[in-house]
Amino acid sequence: MLPPFWMMLNTQHIVDAWTSRTDIHGPQRPDAETGDPGREHGPWWHRQWIPFAVDGAGDYPVIDQRPTRQRGRIGAADHENGCHFKTHPMWTSLPDLLDMTATAIETGSLLDCYERVVIDERELTWEF
């Protein structure tokens, strides 16, 4: 589990999530991909975002693959409010996110204000 509550997707679920969001976006929403790709908030969906985890409520962290200087950064694609790109270093790229998550799990250190919690020595969760 990635902080604060993301569950990693397998390859088929990545394809399904991307296809579902892209189909919803569709040609009838040409405005959804407009705007400045360098801003903190993005459009509702973009075809060059790759979801890799889910929160169970229809929201996905995505890897931004648009051809900008911030290519590879992680955003949180909310199903109602669009995408938000956080500024904490853990959201710079997927390798950074995974590395910082593993370090926090191993050491018990905070990760972007989240602390790992182990329940019954079998379940990992994160608390703010």
# chains A, B, ... in the order shown; residues from 1 in each chain; ligands from 1

$ closest_atom_pairs --of "stretch 55-79 of chain A" --to "stretch 2-19 of chain A" --cutoff "9 Å" --atoms "only C-alpha atoms" --output "Markdown table"
| residue | atom | partner | partner_atom | distance |
| --- | --- | --- | --- | --- |
| A:Asp55 | CA | A:Trp6 | CA | 4.9 |
| A:Gly56 | CA | A:Met7 | CA | 8.2 |
| A:Tyr60 | CA | A:Trp6 | CA | 7.9 |
| A:Pro61 | CA | A:Trp6 | CA | 7.8 |

$ select_by_dssp --residues "chain A" --states "helix (DSSP H, G or I)" --output "ChimeraX atom specification"
/A:11-25,30-33,89-91,94-107

$ write_last_selection --atoms "C-alpha atoms" --output "PDB file, in the first residue's frame"
ATOM      1  CA  THR A  11      -1.299  -4.525 -15.658  1.00  0.00           C
ATOM      2  CA  GLN A  12      -4.852  -5.455 -16.660  1.00  0.00           C
ATOM      3  CA  HIS A  13      -6.350  -3.045 -14.117  1.00  0.00           C
ATOM      4  CA  ILE A  14      -4.067  -0.264 -15.384  1.00  0.00           C
ATOM      5  CA  VAL A  15      -5.363  -0.831 -18.917  1.00  0.00           C
ATOM      6  CA  ASP A  16      -8.972  -1.017 -17.700  1.00  0.00           C
ATOM      7  CA  ALA A  17      -8.678   2.190 -15.630  1.00  0.00           C
ATOM      8  CA  TRP A  18      -6.990   4.106 -18.468  1.00  0.00           C
ATOM      9  CA  THR A  19      -9.567   2.865 -21.004  1.00  0.00           C
ATOM     10  CA  SER A  20     -12.501   3.696 -18.743  1.00  0.00           C
ATOM     11  CA  ARG A  21     -11.298   7.238 -18.033  1.00  0.00           C
ATOM     12  CA  THR A  22     -10.389   7.810 -21.680  1.00  0.00           C
ATOM     13  CA  ASP A  23     -13.794   6.546 -22.854  1.00  0.00           C
ATOM     14  CA  ILE A  24     -15.564   8.843 -20.376  1.00  0.00           C
ATOM     15  CA  HIS A  25     -13.376  11.731 -21.557  1.00  0.00           C
ATOM     16  CA  PRO A  30     -12.170  18.431 -26.035  1.00  0.00           C
ATOM     17  CA  ASP A  31     -11.706  21.012 -23.260  1.00  0.00           C
ATOM     18  CA  ALA A  32     -10.649  18.358 -20.749  1.00  0.00           C
ATOM     19  CA  GLU A  33      -7.078  18.193 -22.094  1.00  0.00           C
ATOM     20  CA  PRO A  89       9.576  15.259  -3.545  1.00  0.00           C
ATOM     21  CA  MET A  90       7.906  11.851  -3.267  1.00  0.00           C
ATOM     22  CA  TRP A  91       5.585  12.878  -6.129  1.00  0.00           C
ATOM     23  CA  LEU A  94       7.288   6.698  -9.573  1.00  0.00           C
ATOM     24  CA  PRO A  95      10.831   5.552  -8.654  1.00  0.00           C
ATOM     25  CA  ASP A  96      11.035   8.372  -6.068  1.00  0.00           C
ATOM     26  CA  LEU A  97       7.627   7.475  -4.660  1.00  0.00           C
ATOM     27  CA  LEU A  98       8.508   3.790  -4.355  1.00  0.00           C
ATOM     28  CA  ASP A  99      11.957   4.501  -2.885  1.00  0.00           C
ATOM     29  CA  MET A 100      10.632   6.932  -0.271  1.00  0.00           C
ATOM     30  CA  THR A 101       7.763   4.582   0.581  1.00  0.00           C
ATOM     31  CA  ALA A 102      10.140   1.636   1.077  1.00  0.00           C
ATOM     32  CA  THR A 103      12.424   3.774   3.252  1.00  0.00           C
ATOM     33  CA  ALA A 104       9.491   4.914   5.410  1.00  0.00           C
ATOM     34  CA  ILE A 105       8.302   1.319   5.797  1.00  0.00           C
ATOM     35  CA  GLU A 106      11.778   0.102   6.765  1.00  0.00           C
ATOM     36  CA  THR A 107      12.693   2.955   9.109  1.00  0.00           C
TER      37      THR A 107
END

$ atom_distance --atom1 "atom CA of A:Pro51" --atom2 "atom CA of A:Gln65"
10.7 Å

$ closest_residue --among "A:Ile50, A:Met1, A:Glu127, A:His88" --to "A:Arg71" --atoms "only C-alpha atoms"
A:Ile50

$ closest_residue --among "A:Leu124, A:Cys113, A:Ile74, A:Val118" --to "A:Ser93" --atoms "only C-alpha atoms"
A:Ile74

$ atom_distance --atom1 "atom CA of A:His46" --atom2 "atom CA of A:Asp112"
25.9 Å

$ atom_distance --atom1 "atom CA of A:His79" --atom2 "atom CA of A:Ala57"
8.4 Å

$ select_by_dssp --residues "stretch 8-114 of chain A" --states "strand (DSSP E or B)" --output "PyMOL selection string"
chain A and resi 8+41+49-51+53-54+60-64+74-78+82-84+111+114

$ residues_around --residues "A:Glu80" --least-positions-apart "4" --cutoff "10 Å" --atoms "only C-alpha atoms" --output "list in words"
Trp44, Gly58 and Asp59 of chain A

$ write_last_selection --atoms "all heavy atoms" --output "mmCIF file, in the first residue's frame"
data_model
loop_
_atom_site.group_PDB
_atom_site.id
_atom_site.type_symbol
_atom_site.label_atom_id
_atom_site.label_comp_id
_atom_site.auth_asym_id
_atom_site.auth_seq_id
_atom_site.Cartn_x
_atom_site.Cartn_y
_atom_site.Cartn_z
ATOM 1 N N TRP A 44 -9.460 17.316 -16.075
ATOM 2 C CA TRP A 44 -10.141 16.171 -15.482
ATOM 3 C C TRP A 44 -9.432 14.873 -15.863
ATOM 4 O O TRP A 44 -9.232 13.997 -15.038
ATOM 5 C CB TRP A 44 -11.599 16.134 -15.935
ATOM 6 C CG TRP A 44 -12.354 15.018 -15.300
ATOM 7 C CD1 TRP A 44 -12.911 15.030 -14.059
ATOM 8 C CD2 TRP A 44 -12.597 13.722 -15.837
ATOM 9 N NE1 TRP A 44 -13.492 13.814 -13.793
ATOM 10 C CE2 TRP A 44 -13.307 12.993 -14.885
ATOM 11 C CE3 TRP A 44 -12.287 13.101 -17.043
ATOM 12 C CZ2 TRP A 44 -13.718 11.679 -15.081
ATOM 13 C CZ3 TRP A 44 -12.697 11.798 -17.245
ATOM 14 C CH2 TRP A 44 -13.405 11.109 -16.268
ATOM 15 N N GLY A 58 -12.638 5.469 -6.969
ATOM 16 C CA GLY A 58 -12.640 5.969 -8.334
ATOM 17 C C GLY A 58 -11.564 6.988 -8.631
ATOM 18 O O GLY A 58 -11.578 7.617 -9.687
ATOM 19 N N ASP A 59 -10.600 7.150 -7.722
ATOM 20 C CA ASP A 59 -9.502 8.096 -7.922
ATOM 21 C C ASP A 59 -8.204 7.321 -8.133
ATOM 22 O O ASP A 59 -8.022 6.239 -7.573
ATOM 23 C CB ASP A 59 -9.372 9.022 -6.714
ATOM 24 C CG ASP A 59 -10.650 9.799 -6.441
ATOM 25 O OD1 ASP A 59 -11.386 10.091 -7.396
ATOM 26 O OD2 ASP A 59 -10.905 10.099 -5.265
#

$ residues_around --residues "A:Gly82" --least-positions-apart "4" --cutoff "6 Å" --atoms "only C-alpha atoms" --output "ChimeraX atom specification"
/A:43-44,77-78

$ closest_residue --among "A:Phe128, A:Tyr114, A:Phe52, A:Trp45" --to "A:Arg66" --atoms "only C-alpha atoms"
A:Trp45
